[in-house]
>>> print(open('coords.cif').read())   # mmCIF, C-alpha atoms
data_my_file
#
loop_
_atom_site.label_atom_id
_atom_site.label_comp_id
_atom_site.auth_asym_id
_atom_site.auth_seq_id
_atom_site.Cartn_x
_atom_site.Cartn_y
_atom_site.Cartn_z
CA MET A 1 0.00 0.00 0.00
CA ILE A 2 1.48 3.27 -1.10
CA VAL A 3 0.46 6.18 1.15
CA GLY A 4 0.91 9.74 0.08
CA ASN A 5 0.85 12.58 2.59
CA ILE A 6 -2.38 14.51 2.83
CA ARG A 7 -2.77 17.55 0.62
CA ILE A 8 -5.31 20.31 1.20
CA ILE A 9 -6.00 22.87 -1.54
CA TYR A 10 -7.07 26.18 -0.01
CA ASP A 11 -7.19 29.92 -0.73
CA ASN A 12 -9.06 29.83 -4.01
CA PHE A 13 -7.17 32.15 -6.35
CA ALA A 14 -9.71 31.40 -9.09
CA GLU A 15 -12.53 33.26 -7.35
CA ALA A 16 -10.98 36.62 -8.23
CA GLY A 17 -9.96 35.48 -11.70
CA ILE A 18 -11.46 36.04 -15.12
CA VAL A 19 -12.79 32.85 -16.65
CA SER A 20 -13.38 32.26 -20.35
CA GLY A 21 -13.13 29.74 -23.14
CA GLY A 22 -15.02 26.65 -24.15
CA SER A 23 -18.72 26.87 -24.87
CA TRP A 24 -21.09 27.23 -21.94
CA LEU A 25 -24.79 27.94 -21.63
CA THR A 26 -25.66 31.59 -21.06
CA GLY A 27 -27.95 30.66 -18.23
CA MET A 28 -25.40 28.30 -16.65
CA PRO A 29 -22.15 30.18 -17.11
CA LEU A 30 -18.63 29.38 -15.96
CA THR A 31 -18.94 31.90 -13.12
CA ASN A 32 -21.30 29.44 -11.41
CA MET A 33 -18.17 27.44 -10.59
CA PHE A 34 -17.28 29.94 -7.84
CA ASP A 35 -20.53 29.65 -5.95
CA GLN A 36 -20.41 27.30 -2.95
CA ALA A 37 -23.90 26.10 -3.83
CA LEU A 38 -22.69 23.07 -5.73
CA GLY A 39 -26.06 22.58 -7.36
CA LEU A 40 -25.57 25.87 -9.18
CA VAL A 41 -23.56 24.39 -12.02
CA ALA A 42 -21.86 25.54 -15.18
CA ARG A 43 -23.02 23.52 -18.15
CA SER A 44 -21.35 23.23 -21.54
CA THR A 45 -23.40 23.60 -24.71
CA ASN A 46 -22.31 20.19 -25.92
CA ALA A 47 -19.74 17.49 -25.13
CA THR A 48 -17.16 18.24 -27.77
CA THR A 49 -13.66 18.73 -26.42
CA GLY A 50 -13.56 22.28 -27.73
CA SER A 51 -16.56 23.16 -25.62
CA THR A 52 -15.76 21.32 -22.40
CA GLN A 53 -12.80 23.42 -21.35
CA PHE A 54 -12.10 26.77 -19.79
CA LYS A 55 -9.28 29.21 -19.23
CA ILE A 56 -8.74 31.43 -16.26
CA ASP A 57 -6.64 34.52 -15.69
CA LEU A 58 -5.92 34.59 -11.97
CA GLY A 59 -4.87 38.26 -12.13
CA ILE A 60 -1.83 37.50 -9.98
CA VAL A 61 1.06 35.07 -10.07
CA PRO A 62 0.42 32.86 -7.07
CA VAL A 63 2.12 29.65 -6.07
CA VAL A 64 -0.54 27.16 -7.05
CA GLY A 65 -0.36 23.80 -5.34
CA GLY A 66 -3.46 22.13 -6.68
CA VAL A 67 -6.55 22.30 -8.82
CA ALA A 68 -9.88 20.63 -8.14
CA VAL A 69 -12.93 20.88 -10.39
CA GLY A 70 -16.23 19.21 -9.58
CA PRO A 71 -18.49 17.60 -8.87
CA THR A 72 -18.98 16.84 -12.52
CA ASN A 73 -21.06 14.50 -14.63
CA LEU A 74 -17.96 13.20 -16.42
CA SER A 75 -18.24 9.58 -17.51
CA PRO A 76 -16.21 6.72 -16.04
CA GLY A 77 -12.95 6.68 -17.94
CA ALA A 78 -13.16 10.34 -18.99
CA GLN A 79 -9.90 12.24 -19.20
CA TYR A 80 -8.64 15.67 -18.27
CA ARG A 81 -5.67 17.92 -18.69
CA VAL A 82 -4.60 20.87 -16.52
CA THR A 83 -2.05 23.32 -17.87
CA SER A 84 -0.66 26.69 -16.88
CA TYR A 85 0.95 29.38 -18.97
CA PHE A 86 3.25 32.30 -18.41
CA ASP A 87 1.55 34.53 -20.99
CA ALA A 88 -1.94 35.87 -21.64
CA GLY A 89 -1.86 34.24 -25.08
CA PHE A 90 -1.72 30.79 -23.47
CA SER A 91 1.26 29.90 -25.64
CA VAL A 92 4.20 29.66 -23.23
CA LEU A 93 3.48 26.43 -21.43
CA ALA A 94 4.44 26.18 -17.78
CA TYR A 95 2.74 23.34 -15.89
CA ASP A 96 1.29 20.37 -17.77
CA SER A 97 -0.48 17.54 -16.02
CA GLY A 98 -0.56 15.57 -19.24
CA THR A 99 -3.77 13.91 -20.36
CA LYS A 100 -4.94 11.62 -17.61
CA PHE A 101 -7.85 9.39 -16.81
CA ILE A 102 -9.85 10.81 -13.95
CA GLN A 103 -8.57 8.82 -11.02
CA GLY A 104 -10.93 6.51 -9.22
CA THR A 105 -13.41 6.25 -12.06
CA THR A 106 -12.17 2.99 -13.50
CA VAL A 107 -11.98 -0.54 -12.15
CA ASP A 108 -9.27 -3.17 -12.20
CA SER A 109 -9.22 -4.61 -15.71
CA LEU A 110 -8.99 -8.13 -14.32
CA ASP A 111 -12.36 -7.61 -12.65
CA LEU A 112 -13.88 -7.44 -16.12
CA GLU A 113 -14.35 -10.17 -18.70
CA TRP A 114 -11.81 -10.40 -21.49
CA GLU A 115 -14.64 -10.04 -24.00
CA ASN A 116 -15.83 -6.79 -22.38
CA PRO A 117 -15.10 -3.93 -24.81
CA ASP A 118 -14.05 -1.81 -21.83
CA PHE A 119 -11.58 -4.37 -20.47
CA TRP A 120 -8.42 -2.50 -21.42
CA TYR A 121 -9.15 0.73 -19.58
CA GLY A 122 -11.38 -0.76 -16.91
CA ILE A 123 -14.35 1.42 -17.69
CA ASP A 124 -17.46 0.40 -15.79
CA PRO A 125 -20.43 2.37 -17.12
CA THR A 126 -22.46 1.50 -14.02
CA LEU A 127 -20.23 3.56 -11.70
CA GLN A 128 -22.15 6.56 -10.34
CA LEU A 129 -19.52 8.91 -8.98
CA ALA A 130 -20.03 12.59 -9.93
CA PRO A 131 -16.24 12.72 -10.06
CA TRP A 132 -13.87 15.59 -9.35
CA ILE A 133 -10.85 16.44 -11.42
CA ILE A 134 -8.08 16.43 -8.80
CA GLU A 135 -4.65 17.63 -9.81
CA ILE A 136 -2.02 18.03 -7.10
CA VAL A 137 1.10 19.74 -8.40
CA PRO A 138 4.18 17.57 -7.69
CA ASP A 139 6.48 18.92 -5.00
CA ASP A 140 9.29 19.69 -7.40
CA GLN A 141 7.07 21.86 -9.60
CA VAL A 142 5.40 23.94 -6.89
CA GLY A 143 6.53 27.51 -7.32
CA VAL A 144 8.31 26.66 -10.56
CA THR A 145 5.87 25.70 -13.31
CA SER A 146 2.91 26.26 -11.02
CA ALA A 147 3.76 29.90 -10.30
CA ALA A 148 1.71 31.03 -13.26
CA GLN A 149 -1.13 33.49 -13.81
CA TYR A 150 -2.93 31.67 -16.62
CA TRP A 151 -4.53 28.26 -16.24
CA LYS A 152 -6.54 25.98 -18.48
CA VAL A 153 -8.66 22.95 -17.67
CA GLU A 154 -9.72 20.57 -20.41
CA MET A 155 -12.35 17.92 -19.78
CA ILE A 156 -12.31 15.19 -22.42
CA ASP A 157 -15.57 13.27 -22.60
CA PRO A 158 -17.04 13.60 -26.08
CA GLU A 159 -19.28 10.57 -25.68
CA ASN A 160 -20.88 11.81 -22.47
CA ALA A 161 -24.38 10.35 -22.31
CA ASP A 162 -25.82 13.69 -21.17
CA GLY A 163 -24.49 15.44 -24.24
CA PHE A 164 -22.83 18.10 -22.07
CA VAL A 165 -20.49 18.49 -19.11
CA GLU A 166 -21.49 20.12 -15.84
CA VAL A 167 -19.21 21.52 -13.16
CA GLY A 168 -20.21 22.55 -9.65
CA TYR A 169 -17.09 24.24 -8.28
CA CYS A 170 -13.52 25.11 -9.21
CA ILE A 171 -10.67 25.74 -6.79
CA ILE A 172 -7.16 26.70 -7.88
CA GLY A 173 -5.21 27.30 -4.71
CA ARG A 174 -2.13 26.85 -2.62
CA THR A 175 -1.70 23.53 -0.82
CA PHE A 176 -1.00 22.57 2.74
CA ARG A 177 1.76 19.96 2.41
CA PRO A 178 2.70 18.81 5.90
CA SER A 179 6.16 17.38 6.36
CA LEU A 180 4.62 14.49 8.26
CA ASN A 181 1.40 12.73 7.49
CA TYR A 182 -1.44 12.78 9.98
CA ASP A 183 -1.40 10.51 13.02
CA GLU A 184 -2.94 7.07 13.25
CA ASN A 185 -5.82 8.28 15.44
CA ASN A 186 -7.71 9.66 12.48
CA SER A 187 -11.24 8.93 11.38
CA PHE A 188 -13.23 9.11 8.17
CA THR A 189 -16.96 8.69 8.26
CA ARG A 190 -20.21 9.88 6.76
CA ILE A 191 -22.47 12.06 8.90
CA GLU A 192 -26.05 11.10 8.27
CA LEU A 193 -28.53 13.85 7.54
CA THR A 194 -31.54 11.85 8.64
CA ASP A 195 -34.46 13.11 10.64
CA THR A 196 -36.19 10.51 12.76
CA ILE A 197 -39.64 10.57 14.33
CA GLU A 198 -40.43 7.90 16.86
CA ALA A 199 -44.03 7.07 17.73
CA LEU A 200 -45.16 6.15 21.22
CA GLY A 201 -45.09 2.51 20.25
CA GLY A 202 -41.48 2.78 19.11
CA HIS A 203 -42.08 2.75 15.40
CA ARG A 204 -39.71 5.09 13.61
CA ASP A 205 -40.16 7.06 10.44
CA TYR A 206 -37.05 8.29 8.71
CA TRP A 207 -36.49 11.23 6.47
CA HIS A 208 -33.11 10.60 4.86
CA ARG A 209 -31.74 13.80 3.36
CA GLY A 210 -28.31 12.53 2.44
CA SER A 211 -24.98 12.41 4.20
CA ARG A 212 -21.75 14.36 4.31
CA ARG A 213 -18.22 13.05 4.58
CA SER A 214 -16.20 13.89 7.66
CA LEU A 215 -12.47 13.60 8.26
CA LYS A 216 -10.72 14.14 11.58
CA VAL A 217 -6.92 14.19 11.55
CA THR A 218 -4.28 15.19 14.05
CA TRP A 219 -0.59 15.85 14.09
CA TRP A 220 1.22 15.14 17.32
CA ARG A 221 4.07 17.21 16.00
CA LEU A 222 4.59 19.59 13.13
CA ASP A 223 7.51 21.96 12.85
CA GLU A 224 6.66 25.39 14.27
CA PRO A 225 7.05 27.14 10.88
CA GLU A 226 4.37 24.83 9.46
CA GLY A 227 2.07 25.66 12.32
CA TRP A 228 2.56 29.41 12.09
CA GLY A 229 2.64 29.25 8.30
CA ASP A 230 -0.02 27.19 6.55
CA VAL A 231 -2.07 26.20 9.59
CA TYR A 232 -2.34 29.75 10.94
CA ARG A 233 -3.12 31.04 7.45
CA MET A 234 -5.88 28.47 7.09
CA MET A 235 -7.31 29.48 10.45
CA THR A 236 -7.30 33.11 9.40
CA THR A 237 -8.50 32.96 5.82
CA LEU A 238 -10.90 30.03 5.91
CA GLY A 239 -12.65 30.30 9.22
CA THR A 240 -15.44 27.78 9.31
CA HIS A 241 -17.10 29.13 6.18
CA GLN A 242 -14.59 29.09 3.32
CA PRO A 243 -14.08 25.80 1.47
CA MET A 244 -10.95 23.84 0.88
CA PHE A 245 -10.41 20.62 -1.05
CA VAL A 246 -9.08 17.71 0.99
CA VAL A 247 -7.08 14.90 -0.57
CA PRO A 248 -6.17 12.51 2.27
CA ASP A 249 -3.98 10.32 0.04
CA PRO A 250 -3.09 11.68 -3.41
CA ASP A 251 -1.52 8.37 -4.35
CA ASP A 252 -4.62 6.26 -3.69
CA ASP A 253 -5.96 6.41 -7.24
CA GLU A 254 -8.46 3.62 -6.69
CA ASN A 255 -10.23 5.38 -3.83
CA LEU A 256 -9.40 8.98 -4.69
CA GLN A 257 -12.99 9.98 -5.42
CA LYS A 258 -14.29 8.33 -2.26
CA ARG A 259 -11.74 9.88 0.06
CA SER A 260 -11.35 13.39 -1.38
CA PHE A 261 -13.95 16.12 -0.92
CA LEU A 262 -14.71 19.81 -0.70
CA ALA A 263 -14.77 20.73 2.97
CA THR A 264 -14.94 23.41 5.61
CA PHE A 265 -13.57 23.35 9.14
CA ALA A 266 -16.21 22.20 11.59
CA ASN A 267 -14.17 24.06 14.23
CA SER A 268 -11.17 26.31 13.81
CA PRO A 269 -7.96 24.31 14.37
CA GLU A 270 -5.93 24.76 17.52
CA LEU A 271 -2.20 25.22 17.72
CA ARG A 272 -0.72 23.78 20.90
CA LEU A 273 2.86 24.63 21.74
CA ILE A 274 3.76 21.73 23.99
CA ILE A 275 6.89 20.56 22.25
CA GLN A 276 10.03 22.57 21.71
CA ASP A 277 10.17 23.81 18.14
CA GLY A 278 6.99 21.93 17.34
CA VAL A 279 3.25 22.35 17.40
CA THR A 280 0.39 19.97 17.93
CA THR A 281 -2.74 20.50 15.89
CA GLY A 282 -5.69 18.79 14.32
CA PHE A 283 -8.38 19.35 11.72
CA ASP A 284 -12.08 18.53 11.91
CA LEU A 285 -13.35 18.67 8.34
CA GLU A 286 -16.89 18.37 7.05
CA GLU A 287 -18.04 18.09 3.48
CA VAL A 288 -19.64 20.98 1.63
CA LEU A 289 -22.88 19.78 0.03
CA MET B 1 16.13 7.61 -21.07
CA THR B 2 16.45 5.98 -24.49
CA ALA B 3 14.35 3.23 -26.01
CA ARG B 4 17.10 0.72 -25.33
CA SER B 5 17.59 1.77 -21.72
CA ASP B 6 13.85 1.77 -21.13
CA LEU B 7 13.59 -1.77 -22.44
CA ALA B 8 16.50 -2.80 -20.27
CA SER B 9 15.34 -1.40 -16.97
CA PHE B 10 12.29 0.87 -17.03
CA TYR B 11 9.57 -1.68 -17.65
CA ASN B 12 8.84 -4.15 -14.89
CA MET B 13 6.10 -6.29 -13.40
CA GLU B 14 5.71 -4.37 -10.16
CA ASP B 15 2.65 -2.26 -9.39
CA TYR B 16 2.28 0.74 -11.65
CA HIS B 17 2.49 4.06 -9.85
CA ARG B 18 2.68 7.28 -11.82
CA VAL B 19 5.38 8.72 -9.58
CA SER B 20 7.27 5.89 -7.92
CA ASN B 21 7.02 3.25 -10.66
CA PRO B 22 5.74 4.59 -13.98
CA GLY B 23 7.15 1.57 -15.82
CA GLY B 24 5.18 -0.97 -13.86
CA PHE B 25 2.78 -3.29 -15.64
CA ASP B 26 0.92 -4.70 -12.65
CA ASN B 27 -1.98 -2.77 -11.10
CA ASN B 28 -3.31 -1.80 -14.52
CA GLY B 29 0.01 -0.48 -15.75
CA HIS B 30 -0.73 -2.02 -19.14
CA ARG B 31 -2.92 1.04 -19.82
CA TYR B 32 0.13 3.27 -19.72
CA ASN B 33 3.00 1.03 -20.80
CA TRP B 34 1.80 -1.43 -23.45
CA PHE B 35 1.94 1.20 -26.19
CA LEU B 36 5.23 2.63 -24.91
CA ILE B 37 7.04 -0.71 -24.85
CA LEU B 38 5.94 -1.48 -28.41
CA GLN B 39 7.27 1.88 -29.51
CA ASP B 40 10.59 1.23 -27.80
CA ILE B 41 10.91 -2.23 -29.37
CA ALA B 42 10.25 -0.73 -32.79
CA ALA B 43 12.81 2.01 -32.16
CA VAL B 44 15.53 -0.52 -31.37
CA ALA B 45 14.58 -2.98 -34.11
CA GLU B 46 14.03 -0.68 -37.06
CA PRO B 47 17.67 0.37 -37.59
CA ILE B 48 18.61 -3.31 -37.71
CA LEU B 49 15.66 -4.95 -39.47
CA GLY B 50 14.29 -2.04 -41.40
CA LEU B 51 10.60 -1.17 -41.49
CA THR B 52 9.24 -4.68 -41.73
CA ALA B 53 5.50 -5.30 -41.51
CA GLN B 54 5.84 -6.20 -37.83
CA VAL B 55 8.05 -3.23 -36.99
CA ASN B 56 5.66 -0.96 -38.85
CA ARG B 57 2.69 -2.17 -36.84
CA LEU B 58 4.57 -1.72 -33.55
CA LYS B 59 5.68 1.74 -34.57
CA ASN B 60 2.76 3.13 -36.54
CA VAL B 61 -0.38 1.04 -36.21
CA TYR B 62 -0.99 -0.05 -32.62
CA ASN B 63 -2.16 2.82 -30.46
CA GLU B 64 -3.95 3.70 -27.25
CA ASP B 65 -7.15 5.03 -28.79
CA ASP B 66 -10.49 3.33 -29.32
CA TYR B 67 -10.60 0.65 -31.97
CA ASP B 68 -12.58 1.27 -35.11
CA ALA B 69 -12.36 -1.18 -37.98
CA GLY B 70 -12.41 1.60 -40.53
CA THR B 71 -10.72 4.62 -38.99
CA ASN B 72 -8.48 3.12 -36.31
CA PRO B 73 -7.84 -0.60 -36.79
CA GLY B 74 -4.85 -0.53 -34.45
CA GLY B 75 -6.68 0.90 -31.47
CA ILE B 76 -6.66 -0.96 -28.17
CA GLY B 77 -9.72 0.59 -26.52
CA ASN B 78 -13.38 -0.15 -27.19
CA GLY B 79 -12.77 -3.84 -27.73
CA GLY B 80 -9.63 -3.34 -29.77
CA HIS B 81 -7.68 -5.47 -27.33
CA LEU B 82 -9.54 -8.49 -28.75
CA ILE B 83 -8.06 -7.70 -32.16
CA ASN B 84 -4.71 -6.17 -31.38
CA TYR B 85 -3.29 -7.36 -28.06
CA ILE B 86 -2.42 -10.95 -29.00
CA ALA B 87 -1.45 -9.74 -32.45
CA SER B 88 0.99 -7.25 -30.93
CA LEU B 89 2.60 -10.02 -28.87
CA ARG B 90 3.11 -12.08 -31.99
CA ASP B 91 4.63 -9.16 -33.83
CA VAL B 92 7.06 -8.66 -30.94
CA ALA B 93 7.99 -12.34 -31.13
CA VAL B 94 8.67 -12.13 -34.86
CA VAL B 95 10.81 -9.03 -34.33
CA ALA B 96 12.75 -10.71 -31.53
CA SER B 97 13.37 -13.78 -33.67
CA GLY B 98 14.46 -11.56 -36.53
CA LEU B 99 17.03 -10.05 -34.20
CA GLY B 100 18.43 -13.52 -33.56
CA LEU B 101 16.93 -13.96 -30.13
CA SER B 102 15.24 -17.04 -28.75
CA SER B 103 13.76 -17.84 -25.35
CA ALA B 104 10.79 -19.45 -23.69
CA ALA B 105 9.18 -16.01 -23.40
CA ILE B 106 9.52 -15.38 -27.12
CA THR B 107 8.07 -18.80 -27.89
CA ARG B 108 5.05 -18.08 -25.71
CA LEU B 109 4.54 -14.66 -27.28
CA SER B 110 4.62 -16.20 -30.74
CA SER B 111 1.97 -18.87 -30.31
CA PHE B 112 0.95 -19.79 -26.76
CA TYR B 113 -1.38 -16.90 -26.00
CA THR B 114 -4.66 -16.84 -27.93
CA ASN B 115 -8.12 -15.31 -27.78
CA SER B 116 -9.64 -18.78 -27.59
CA ASN B 117 -11.55 -20.01 -24.58
CA TYR B 118 -9.25 -21.09 -21.81
CA SER B 119 -8.64 -24.82 -21.47
CA ASN B 120 -5.64 -25.12 -19.23
CA ASP B 121 -3.59 -23.32 -21.88
CA GLY B 122 -2.86 -19.82 -23.12
CA GLY B 123 -6.45 -18.98 -23.98
CA PHE B 124 -7.76 -15.62 -22.78
CA GLY B 125 -11.45 -16.37 -23.29
CA ARG B 126 -13.75 -17.75 -20.61
CA ASN B 127 -11.76 -16.09 -17.81
CA GLY B 128 -8.46 -17.38 -19.14
CA HIS B 129 -7.23 -13.77 -19.10
CA ARG B 130 -7.14 -13.99 -15.31
CA VAL B 131 -4.54 -16.75 -15.70
CA ASN B 132 -2.66 -15.46 -18.73
CA PHE B 133 -2.82 -11.67 -18.95
CA LEU B 134 -0.15 -10.83 -16.40
CA PRO B 135 2.17 -13.66 -17.54
CA SER B 136 1.86 -12.42 -21.11
CA LEU B 137 2.87 -8.95 -19.98
CA ALA B 138 5.77 -10.47 -18.04
CA ASP B 139 6.90 -12.25 -21.21
CA LEU B 140 6.63 -8.95 -23.08
CA VAL B 141 8.86 -7.25 -20.51
CA THR B 142 11.35 -10.14 -20.59
CA CYS B 143 11.44 -10.08 -24.37
CA GLY B 144 11.98 -6.34 -24.28
CA ARG B 145 14.98 -6.79 -22.02
CA SER B 146 16.45 -9.29 -24.47
CA ILE B 147 15.92 -6.90 -27.36
CA ALA B 148 17.73 -4.20 -25.38
CA THR B 149 20.90 -6.30 -25.49
CA VAL B 150 21.02 -6.54 -29.28
#
>>> encode(input="coords.cif", output="structure tokens")
Amino acid sequence: MIVGNIRIIYDNFAEAGIVSGGSWLTGMPLTNMFDQALGLVARSTNATTGSTQFKIDLGIVPVVGGVAVGPTNLSPGAQYRVTSYFDAGFSVLAYDSGTKFIQGTTVDSLDLEWENPDFWYGIDPTLQLAPWIIEIVPDDQVGVTSAAQYWKVEMIDPENADGFVEVGYCIIGRTFRPSLNYDENNSFTRIELTDTIEALGGHRDYWHRGSRRSLKVTWWRLDEPEGWGDVYRMMTTLGTHQPMFVVPDPDDDENLQKRSFLATFANSPELRLIIQDGVTTGFDLEEVL
Amino acid sequence: MTARSDLASFYNMEDYHRVSNPGGFDNNGHRYNWFLILQDIAAVAEPILGLTAQVNRLKNVYNEDDYDAGTNPGGIGNGGHLINYIASLRDVAVVASGLGLSSAAITRLSSFYTNSNYSNDGGFGRNGHRVNFLPSLADLVTCGRSIATV
């Protein structure tokens, strides 16, 4: 089992940017991607690759650590590409994710029959995922190719059964990249949004309204600069109302969609200075629905 | 990394991981590396054998896109693996033999693996792929390493 350290994309530089490109419905424009109401989506006019893409001018040259776009209606086995550019003409390429399958939307090929037309790429059309495009900039490119003002996201799904692509939210932000991964006393669960009425006889009626993912993680020790850097910045800029995108294990392709989600702090993190040159902290994260 | 060095040491049968082991074939690494290894074999073989029919298919015909009998007969997606995977193994075997190589792996690539229903043999049909797919990829990697020495 390969375990990658948690990554959290926060401080959404895209919110102040100028978005353009592709072909999107007038009544469901790209600017809908910056509304936390995920049901307020941007919808392309069709599913051609020329339409299902967008560009964004961030207006500044930040150090981008990650990009997350979703939830989407992209099909299992759909692909994406995230690029950045140093010029407004989008010609001087900086960062290039390459064209990738959206992680976590395919199955092990050997779970399929040899005669299955989708065997090679493990595409299971029955998967219902509403996947996110999740692109974490590799450590060695942060601040190098990712320090760019102009970004482009291409969603490649020309055979989408809906005939269009929808996007709920887009975050292009810096990333919290702790030097140590979170401690073993972590928990991931789903918080049920279910109202229950119990009659005098004990019979219960349920009103199930969905559920939200929850992740609790702690660090027994982080270096003080990390605590007073990223963690303090997150406390200050996010509060309990601004979203971030949590990727507990960027290397877990198979479960990436299950484990990663748009979140807010349930409570502002604490910084405890109980160790010389180190801080103790923890995050209580709840999914944005 | 050159084609020859990739054949010698990049491809392997460990779990594919895009960062730590991009040359791996296990854990669905075939999706990323099948096309690449064919390209590398063609790159090493062509200067020696010329653009034979087999080298041409490895270099110019087999590809990662969806199969279409008319517009993309060499595609591996959309059922193209049923047409092109075994065929690509056989082309690799012919190329290896043409380079003067021989081994058990090359022999298997040339004739053992088939699309027929499995019957305690190299058949991929009727769940035979669960027995033979990974070994066929292992033979491909082994053959590639032999070709790297030519």
>>> closest_residue(input="coords.cif", among="A:Lys216, A:Lys100, A:Arg221, A:Lys55", to="chain B", atoms="only C-alpha atoms")
A:Lys100
>>> closest_residue(input="coords.cif", among="A:Gln242, A:Ser97, A:Ser179, A:Thr280", to="chain B", atoms="only C-alpha atoms")
A:Ser97
>>> closest_residue(input="coords.cif", among="A:Thr31, A:Val19, A:Gly77, A:Ser146", to="Asp118 of chain A", atoms="all atoms listed in the file")
A:Gly77
>>> closest_atom_pairs(input="coords.cif", of="chain A", to="chain B", cutoff="9 Å", atoms="all atoms listed in the file", output="CSV")
residue,atom,partner,partner_atom,distance
A:Ile2,CA,B:His17,CA,8.8
A:Asp108,CA,B:Asn28,CA,6.5
A:Ser109,CA,B:Asn28,CA,6.7
A:Leu110,CA,B:Arg130,CA,6.2
A:Asp111,CA,B:Arg130,CA,8.7
A:Glu113,CA,B:Asn127,CA,6.5
A:Trp114,CA,B:His129,CA,6.2
A:Glu115,CA,B:Gly125,CA,7.1
A:Asn116,CA,B:Gly79,CA,6.8
A:Pro117,CA,B:Gly79,CA,3.7
A:Asp118,CA,B:Asn78,CA,5.7
A:Phe119,CA,B:Gly79,CA,7.4
A:Trp120,CA,B:Gly77,CA,6.1
A:Tyr121,CA,B:Arg31,CA,6.2
A:Gly122,CA,B:Asn28,CA,8.5
A:Asp251,CA,B:His17,CA,8.1
>>> write_last_selection(input="coords.cif", atoms="C-alpha atoms", output="compact mmCIF listing (two decimals), in the frame of the given file")
# COMPACT_ATOMS: atom_id res chain seq x y z
CA ILE A 2 1.48 3.27 -1.10
CA ASP A 108 -9.27 -3.17 -12.20
CA SER A 109 -9.22 -4.61 -15.71
CA LEU A 110 -8.99 -8.13 -14.32
CA ASP A 111 -12.36 -7.61 -12.65
CA GLU A 113 -14.35 -10.17 -18.70
CA TRP A 114 -11.81 -10.40 -21.49
CA GLU A 115 -14.64 -10.04 -24.00
CA ASN A 116 -15.83 -6.79 -22.38
CA PRO A 117 -15.10 -3.93 -24.81
CA ASP A 118 -14.05 -1.81 -21.83
CA PHE A 119 -11.58 -4.37 -20.47
CA TRP A 120 -8.42 -2.50 -21.42
CA TYR A 121 -9.15 0.73 -19.58
CA GLY A 122 -11.38 -0.76 -16.91
CA ASP A 251 -1.52 8.37 -4.35
>>> resolve_selection(input="coords.cif", expression="the PyMOL selection byres ((chain B and resi 142) around 10)", output="NGL selection string")
:B and (7-8 or 11-13 or 103-106 or 136-141 or 143-148)
>>> residues_around(input="coords.cif", residues="Val247 of chain A", least_positions_apart="6", cutoff="8 Å", atoms="all atoms listed in the file", output="PyMOL selection string")
chain A and resi 6-8+256+259-261
>>> closest_residue(input="coords.cif", among="A:Trp219, A:Tyr169, A:Tyr80, A:Phe164", to="Gln36 of chain A", atoms="all atoms listed in the file")
A:Tyr169
>>> atom_distance(input="coords.cif", atom1="atom CA of Thr52 of chain A", atom2="atom CA of Trp24 of chain A")
8.0 Å
>>> closest_residue(input="coords.cif", among="A:Leu262, A:Pro71, A:Phe283, A:Leu273", to="Asp183 of chain A", atoms="all atoms listed in the file")
A:Phe283
>>> atom_distance(input="coords.cif", atom1="atom CA of Ser5 of chain B", atom2="atom CA of Asp96 of chain A")
25.0 Å
>>> atom_distance(input="coords.cif", atom1="atom CA of Asp223 of chain A", atom2="atom CA of Phe13 of chain A")
26.2 Å
>>> resolve_selection(input="coords.cif", expression="the PyMOL selection byres ((chain B and resi 63) around 10)", output="list in words")
Trp34, Phe35, Leu36, Leu38, Gln39, Arg57, Leu58, Lys59, Asn60, Val61, Tyr62, Glu64, Asp65, Asp66, Tyr67, Asn72, Pro73, Gly74, Gly75, Ile76, Gly77, Gly80 and Asn84 of chain B
>>> resolve_selection(input="coords.cif", expression="the PyMOL selection byres ((chain B and resi 14) around 7)", output="ChimeraX atom specification")
/B:12-13,15-16,24-26
>>> residues_around(input="coords.cif", residues="Gly143 of chain A", least_positions_apart="5", cutoff="10 Å", atoms="all atoms listed in the file", output="ChimeraX atom specification")
/A:61-65,137,148,174
>>> residues_around(input="coords.cif", residues="Gly173 of chain A", least_positions_apart="3", cutoff="12 Å", atoms="all atoms listed in the file", output="number ranges by chain")
A: 7-17, 58, 60-69, 134-137, 142, 146-149, 151, 170, 176, 234, 243-246
>>> closest_residue(input="coords.cif", among="A:Arg190, A:Asp205, A:Gly4, A:Ala42", to="Val165 of chain A", atoms="only C-alpha atoms")
A:Ala42
>>> build_atoms(input="coords.cif", residues="segment 114-119 of chain B", atoms="N, CA and C atoms", output="PDB file, keeping the file's coordinate frame")
ATOM      1  N   THR B 114      -3.634 -16.955 -26.883  1.00  0.00           N
ATOM      2  CA  THR B 114      -4.660 -16.840 -27.930  1.00  0.00           C
ATOM      3  C   THR B 114      -5.910 -16.195 -27.339  1.00  0.00           C
ATOM      4  N   ASN B 115      -6.827 -15.833 -28.220  1.00  0.00           N
ATOM      5  CA  ASN B 115      -8.120 -15.310 -27.780  1.00  0.00           C
ATOM      6  C   ASN B 115      -9.136 -16.428 -27.560  1.00  0.00           C
ATOM      7  N   SER B 116      -8.723 -17.652 -27.743  1.00  0.00           N
ATOM      8  CA  SER B 116      -9.640 -18.780 -27.590  1.00  0.00           C
ATOM      9  C   SER B 116     -10.049 -18.959 -26.154  1.00  0.00           C
ATOM     10  N   ASN B 117     -11.115 -19.715 -25.942  1.00  0.00           N
ATOM     11  CA  ASN B 117     -11.550 -20.010 -24.580  1.00  0.00           C
ATOM     12  C   ASN B 117     -10.466 -20.801 -23.853  1.00  0.00           C
ATOM     13  N   TYR B 118     -10.292 -20.465 -22.624  1.00  0.00           N
ATOM     14  CA  TYR B 118      -9.250 -21.090 -21.810  1.00  0.00           C
ATOM     15  C   TYR B 118      -9.555 -22.573 -21.587  1.00  0.00           C
ATOM     16  N   SER B 119      -8.522 -23.392 -21.755  1.00  0.00           N
ATOM     17  CA  SER B 119      -8.640 -24.820 -21.470  1.00  0.00           C
ATOM     18  C   SER B 119      -7.275 -25.294 -20.996  1.00  0.00           C
TER      19      SER B 119
END
